[in-house]
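Asker: Before I ask anything, here is the structure I am working with.
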Amino acid sequence: MSLLPVAQAQARVLALGTPTPVEAVPLADALGRYAAAPVVAARTQPASDLSAMDGYALRFADLPGPFAVIGESAAGASFAAPVGAGQAVRIFTGAAMPPGTDTVMVQEEARRDGAALFLDGEGPGHRGRNVRRRGLDFAEGDVLVDAGERLTPARLAVAATGGVARIPVARRVRVALAATGDELVDPGTAASDGALPESNRLLLRTLLADMAIEIVDLGILPDRLDVLTDAFTRVEADVLVTTGGASVGDHDLVRPALAAAGVTLDFWRIALRPGKPMLAGRRGAMAVVGLPGNPVSAFVTAILFVRPLVAHLAHAADPLPRTDTAILGEPLPANGERTDYLRAETRGGRVFASTIQDSSMLRTLARSTCLIVRPPHAPAASAGDSAEILRIA
Ligand SMILES: Nc1nc2c(c(=O)[nH]1)N[C@H]1C(S)=C(S)[C@@H](COP(=O)(O)OP(=O)(O)OC[C@H]3O[C@@H](n4cnc5c(N)ncnc54)[C@H](O)[C@@H]3O)O[C@H]1N2
Ligand code: MOO
């Protein structure tokens, strides 16, 4: 079987999943989810012309005054009577402009003598100065958040201001996690020399922690065909993610166990380093992604495939990770046929790839701030060249 290019593999993984049903949730519960329909403003903001400053509302044409102060307008307690020529109203930030006024004189430039008001400074430079016009931010009926956009704190705040109380989002995505390998033990367990603390489920759980998911933890499974097959047959989830046992060794039993559990394989092996032995398939509506066991390979494939798949199920319009551009601090050799994701650090505004790029080395990964993306057959690059990077810290 030939190696699948990364972009094709991503498209095929996304196509394996069915976006989950929609529920309307209160704004405070919608963080990190994706709007399943456009969020539309139910009101105009500001709903009327408002003062942007503490000072005096007046008619620009009457400047430089003097003015007679005839009342006060505060946020939530506006002055409703019409304001005539030569008159002004004391006003505070966020308060409605009284009818007839069009400009605010800031209080730092005002001098009061009883009800008389004098300009004591340059004054507002133009009609409408220090006034926020009705609808400045948005109008009723405007789309505040597009369908498929991620709900960030700022997007939730604008929805609240738009008079929206609940947003339709996908129900939580159920993600089943299984680590495989006879050598693996729970972290912190007193263990023999041959034992290795298991870290991939933690990596996956935490890489997905900012998304609306429910984890179905299948734990650490041994390298036994019957046990793996049984676990993969019973699991109920939107996505099953396994790690380890994806390669060609005698103890790499994930593929045969998935097949025995009724999973149809869509592809196996990607033109990717690290992460080549990844596999993907489905059982009914459940998407299945088998990540390689090496922790760095699991990390890279989780970012390139698992997070996007979960985002796609959660109705994200744009689920793939975004890359940036950075300047190389050192030359890089020409690349082979696989897209390479080099662990790298940023120093002085330039990126430096780690000397050893072994996919077992978590400390190197932990020190890295980005992955340098080297496309298939990229020519050698020099210090100072720009390169595509994926930020990871
Ligand atoms: N003859 C070949 N051998 C290998 C190939 C190949 O093409 N031909 N591919 C290599 C590549 S690339 C990778 S990546 C690995 C992936 O293999 P597996 O998915 O079968 O992973 P394992 O053998 O189970 O484990 C690899 C390594 O990672 C450790 N591991 C596994 N799971 C965890 C976990 N949950 N937490 C921490 N560490 C874990 C495991 O102990 C091994 O050291 O195959 C190459 N071989
Ligand atoms: O692809 Mo493996 O993930 O290079 O080490």
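Residues in the structure tokens are named by chain (A, B, ... in the order shown) and by number from 1 within that chain; ligands are numbered from 1 in the order shown.
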With a distance cut-off of 12 Å and only C-alpha atoms, select the neighbouring residues of Thr103 of chain A, excluding the residue or stretch itself and same-chain residues fewer than 4 positions from it, and output the selection as a ChimeraX atom specification.
Answerer: /A:49-63,88-91,96-99,123-133
Asker: Using only C-alpha atoms and all ligand atoms, which residues have at least one atom no more than 9 Å from ligand 1? Output them as number ranges by chain.
Answerer: A: 178-185, 195-203, 220, 223, 242-249, 251-254, 269, 272-278, 290-298, 359-360
Asker: Would you save the residues from that selection as a PDB file, in the first residue's frame, using C-alpha atoms?
Answerer:
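The result, written out as selection11.pdb:
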ATOM      1  CA  ALA A 178      -7.413   3.149  24.346  1.00  0.00           C
ATOM      2  CA  ALA A 179      -3.680   2.688  24.874  1.00  0.00           C
ATOM      3  CA  THR A 180      -2.259  -0.666  23.810  1.00  0.00           C
ATOM      4  CA  GLY A 181       0.965  -2.350  24.875  1.00  0.00           C
ATOM      5  CA  ASP A 182       2.049  -5.003  27.399  1.00  0.00           C
ATOM      6  CA  GLU A 183       4.863  -2.715  28.602  1.00  0.00           C
ATOM      7  CA  LEU A 184       2.539   0.106  29.688  1.00  0.00           C
ATOM      8  CA  VAL A 185       1.582   0.883  33.285  1.00  0.00           C
ATOM      9  CA  ALA A 195       7.528  -1.226  32.327  1.00  0.00           C
ATOM     10  CA  LEU A 196       6.843   2.158  30.771  1.00  0.00           C
ATOM     11  CA  PRO A 197       4.527   4.810  32.250  1.00  0.00           C
ATOM     12  CA  GLU A 198       1.634   5.291  29.854  1.00  0.00           C
ATOM     13  CA  SER A 199       1.379   8.886  28.575  1.00  0.00           C
ATOM     14  CA  ASN A 200      -0.584   8.876  25.311  1.00  0.00           C
ATOM     15  CA  ARG A 201      -4.070   8.869  26.839  1.00  0.00           C
ATOM     16  CA  LEU A 202      -3.080  11.855  28.990  1.00  0.00           C
ATOM     17  CA  LEU A 203      -1.681  13.573  25.900  1.00  0.00           C
ATOM     18  CA  ILE A 220      -4.451   0.289  28.881  1.00  0.00           C
ATOM     19  CA  ASP A 223      -1.229  -6.960  23.184  1.00  0.00           C
ATOM     20  CA  THR A 242      -6.228   3.886  19.833  1.00  0.00           C
ATOM     21  CA  THR A 243      -2.492   4.349  20.298  1.00  0.00           C
ATOM     22  CA  GLY A 244       0.257   1.813  19.690  1.00  0.00           C
ATOM     23  CA  GLY A 245       0.273  -1.486  17.887  1.00  0.00           C
ATOM     24  CA  ALA A 246      -0.281   0.203  14.526  1.00  0.00           C
ATOM     25  CA  SER A 247       2.950  -0.874  12.853  1.00  0.00           C
ATOM     26  CA  VAL A 248       4.107  -4.163  11.315  1.00  0.00           C
ATOM     27  CA  GLY A 249       5.585  -6.054  14.315  1.00  0.00           C
ATOM     28  CA  HIS A 251       2.729  -7.627  18.570  1.00  0.00           C
ATOM     29  CA  ASP A 252       1.070  -4.895  16.495  1.00  0.00           C
ATOM     30  CA  LEU A 253      -2.471  -6.243  16.724  1.00  0.00           C
ATOM     31  CA  VAL A 254      -4.614  -3.144  16.467  1.00  0.00           C
ATOM     32  CA  ARG A 269       0.018   4.651   6.491  1.00  0.00           C
ATOM     33  CA  LEU A 272       4.173  11.727   7.264  1.00  0.00           C
ATOM     34  CA  ARG A 273       7.060  11.850   9.720  1.00  0.00           C
ATOM     35  CA  PRO A 274       6.459  11.213  12.558  1.00  0.00           C
ATOM     36  CA  GLY A 275       3.198   9.298  12.343  1.00  0.00           C
ATOM     37  CA  LYS A 276       3.506   7.122   9.246  1.00  0.00           C
ATOM     38  CA  PRO A 277       1.716   3.997  10.586  1.00  0.00           C
ATOM     39  CA  MET A 278      -1.546   5.821  11.417  1.00  0.00           C
ATOM     40  CA  GLY A 290      -5.349   4.277  15.199  1.00  0.00           C
ATOM     41  CA  LEU A 291      -2.366   6.412  16.207  1.00  0.00           C
ATOM     42  CA  PRO A 292       1.210   5.137  16.341  1.00  0.00           C
ATOM     43  CA  GLY A 293       2.499   4.380  19.828  1.00  0.00           C
ATOM     44  CA  ASN A 294       5.573   6.597  19.817  1.00  0.00           C
ATOM     45  CA  PRO A 295       4.495   9.581  21.938  1.00  0.00           C
ATOM     46  CA  VAL A 296       5.678  12.250  19.504  1.00  0.00           C
ATOM     47  CA  SER A 297       3.992  10.423  16.621  1.00  0.00           C
ATOM     48  CA  ALA A 298       0.797  10.229  18.695  1.00  0.00           C
ATOM     49  CA  SER A 359       9.666  10.191  17.700  1.00  0.00           C
ATOM     50  CA  SER A 360      10.101   8.650  21.150  1.00  0.00           C
TER      51      SER A 360
END
Asker: To test your reading of the structure, identify every residue in segment 116-276 of chain A that backbone DSSP assigns to alpha helix (DSSP H), and report it as a VMD selection string.
Answerer: chain A and resid 153 to 161 200 to 207 225 to 234 254 to 260
Asker: Please provide as a list in words all residues within 9 Å of Asp137 of chain A, with the sequence filter that same-chain residues fewer than 2 positions apart are discarded (counting only C-alpha atoms).
Answerer: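 In the requested format, the answer is Thr44, Gln45, Pro46, Arg133, Arg134, Gly135 and Ala139 of chain A.
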Asker: Kindly export the residues of the current selection with N, CA and C atoms, as a PDB file, in the first residue's frame.
Answerer:
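Contents of selection16.pdb, freshly written:
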ATOM      1  N   THR A  44     -30.388  46.111  18.338  1.00  0.00           N
ATOM      2  CA  THR A  44     -29.384  47.005  17.764  1.00  0.00           C
ATOM      3  C   THR A  44     -28.509  47.539  18.898  1.00  0.00           C
ATOM      4  N   GLN A  45     -27.191  47.673  18.625  1.00  0.00           N
ATOM      5  CA  GLN A  45     -26.272  48.132  19.671  1.00  0.00           C
ATOM      6  C   GLN A  45     -25.370  49.223  19.142  1.00  0.00           C
ATOM      7  N   PRO A  46     -25.288  50.405  19.756  1.00  0.00           N
ATOM      8  CA  PRO A  46     -26.188  50.852  20.812  1.00  0.00           C
ATOM      9  C   PRO A  46     -27.614  51.021  20.268  1.00  0.00           C
ATOM     10  N   ARG A 133     -23.021  56.467  17.787  1.00  0.00           N
ATOM     11  CA  ARG A 133     -24.293  56.470  17.078  1.00  0.00           C
ATOM     12  C   ARG A 133     -25.028  55.150  17.270  1.00  0.00           C
ATOM     13  N   ARG A 134     -26.350  55.239  17.266  1.00  0.00           N
ATOM     14  CA  ARG A 134     -27.196  54.045  17.288  1.00  0.00           C
ATOM     15  C   ARG A 134     -26.708  53.077  16.198  1.00  0.00           C
ATOM     16  N   GLY A 135     -26.519  51.792  16.559  1.00  0.00           N
ATOM     17  CA  GLY A 135     -26.111  50.786  15.565  1.00  0.00           C
ATOM     18  C   GLY A 135     -24.629  50.807  15.234  1.00  0.00           C
ATOM     19  N   ALA A 139     -26.483  46.031  14.070  1.00  0.00           N
ATOM     20  CA  ALA A 139     -27.925  46.281  13.978  1.00  0.00           C
ATOM     21  C   ALA A 139     -28.684  44.972  14.158  1.00  0.00           C
TER      22      ALA A 139
END
Asker: Which residues are close to Val173 of chain A, i.e. within 7 Å by only C-alpha atoms, leaving aside same-chain residues fewer than 5 positions away? Reply as a list in words.
Answerer: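 Skipping anything fewer than 5 positions along the chain leaves Ala212, Ile213, Glu214, Asp238, Val310, Leu313 and Ala314 of chain A.
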Asker: Pull C-alpha atoms from the residues just selected and write them as a PDB file, in the first residue's frame.
Answerer:
ATOM      1  CA  ALA A 212     -16.715  19.895  24.235  1.00  0.00           C
ATOM      2  CA  ILE A 213     -16.027  16.186  24.602  1.00  0.00           C
ATOM      3  CA  GLU A 214     -16.847  13.270  26.850  1.00  0.00           C
ATOM      4  CA  ASP A 238     -18.455   8.988  18.109  1.00  0.00           C
ATOM      5  CA  VAL A 310     -13.544  16.130  16.763  1.00  0.00           C
ATOM      6  CA  LEU A 313     -18.081  16.401  14.448  1.00  0.00           C
ATOM      7  CA  ALA A 314     -18.737  19.494  16.564  1.00  0.00           C
TER       8      ALA A 314
END
Asker: Do a neighbour search on segment 325-336 of chain A at 12 Å with only C-alpha atoms, toss out local chain neighbours closer than 4 positions, and write the hits as number ranges by chain.
Answerer: A: 271-273, 340-342, 344-355, 369-391
Asker: Figure out the distance between atom CA of Asp120 of chain A and atom CA of Gly86 of chain A, please, to one decimal in Å.
Answerer: 16.2 Å
Asker: Using only C-alpha atoms, find the one residue out of A:Leu225, A:Ala35, A:Val306, A:Ala24 that sits nearest to Val289 of chain A.
Answerer: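 So, comparing all the options, the nearest one is A:Val306.
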Asker: Atom CA of Ala393 of chain A to atom CA of Pro308 of chain A: how many Å, to one decimal?
Answerer: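 Calculated distance between atom CA of Ala393 of chain A and atom CA of Pro308 of chain A is 17.8 Å.
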Asker: Measuring between only C-alpha atoms and all ligand atoms, which one of A:Leu221, A:Gly163, A:Pro21, A:Leu3 shows the shortest distance to ligand 2?
Answerer: A:Leu3
Asker: Could you state the separation of atom CA of Ala261 of chain A and atom CA of Leu228 of chain A in Å, given to one decimal place?
Answerer: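 Result for atom CA of Ala261 of chain A versus atom CA of Leu228 of chain A: 8.7 Å, one decimal.
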Asker: Which is closer to Ala285 of chain A than all the others in A:Leu177, A:Gly71, A:Ala15, A:Ser192, using only C-alpha atoms?
Answerer: A:Ala15
Asker: Where does DSSP see strand (DSSP E or B) in segment 216-252 of chain A, if you list the residues as a PyMOL selection string?
Answerer: chain A and resi 216-221+239-243
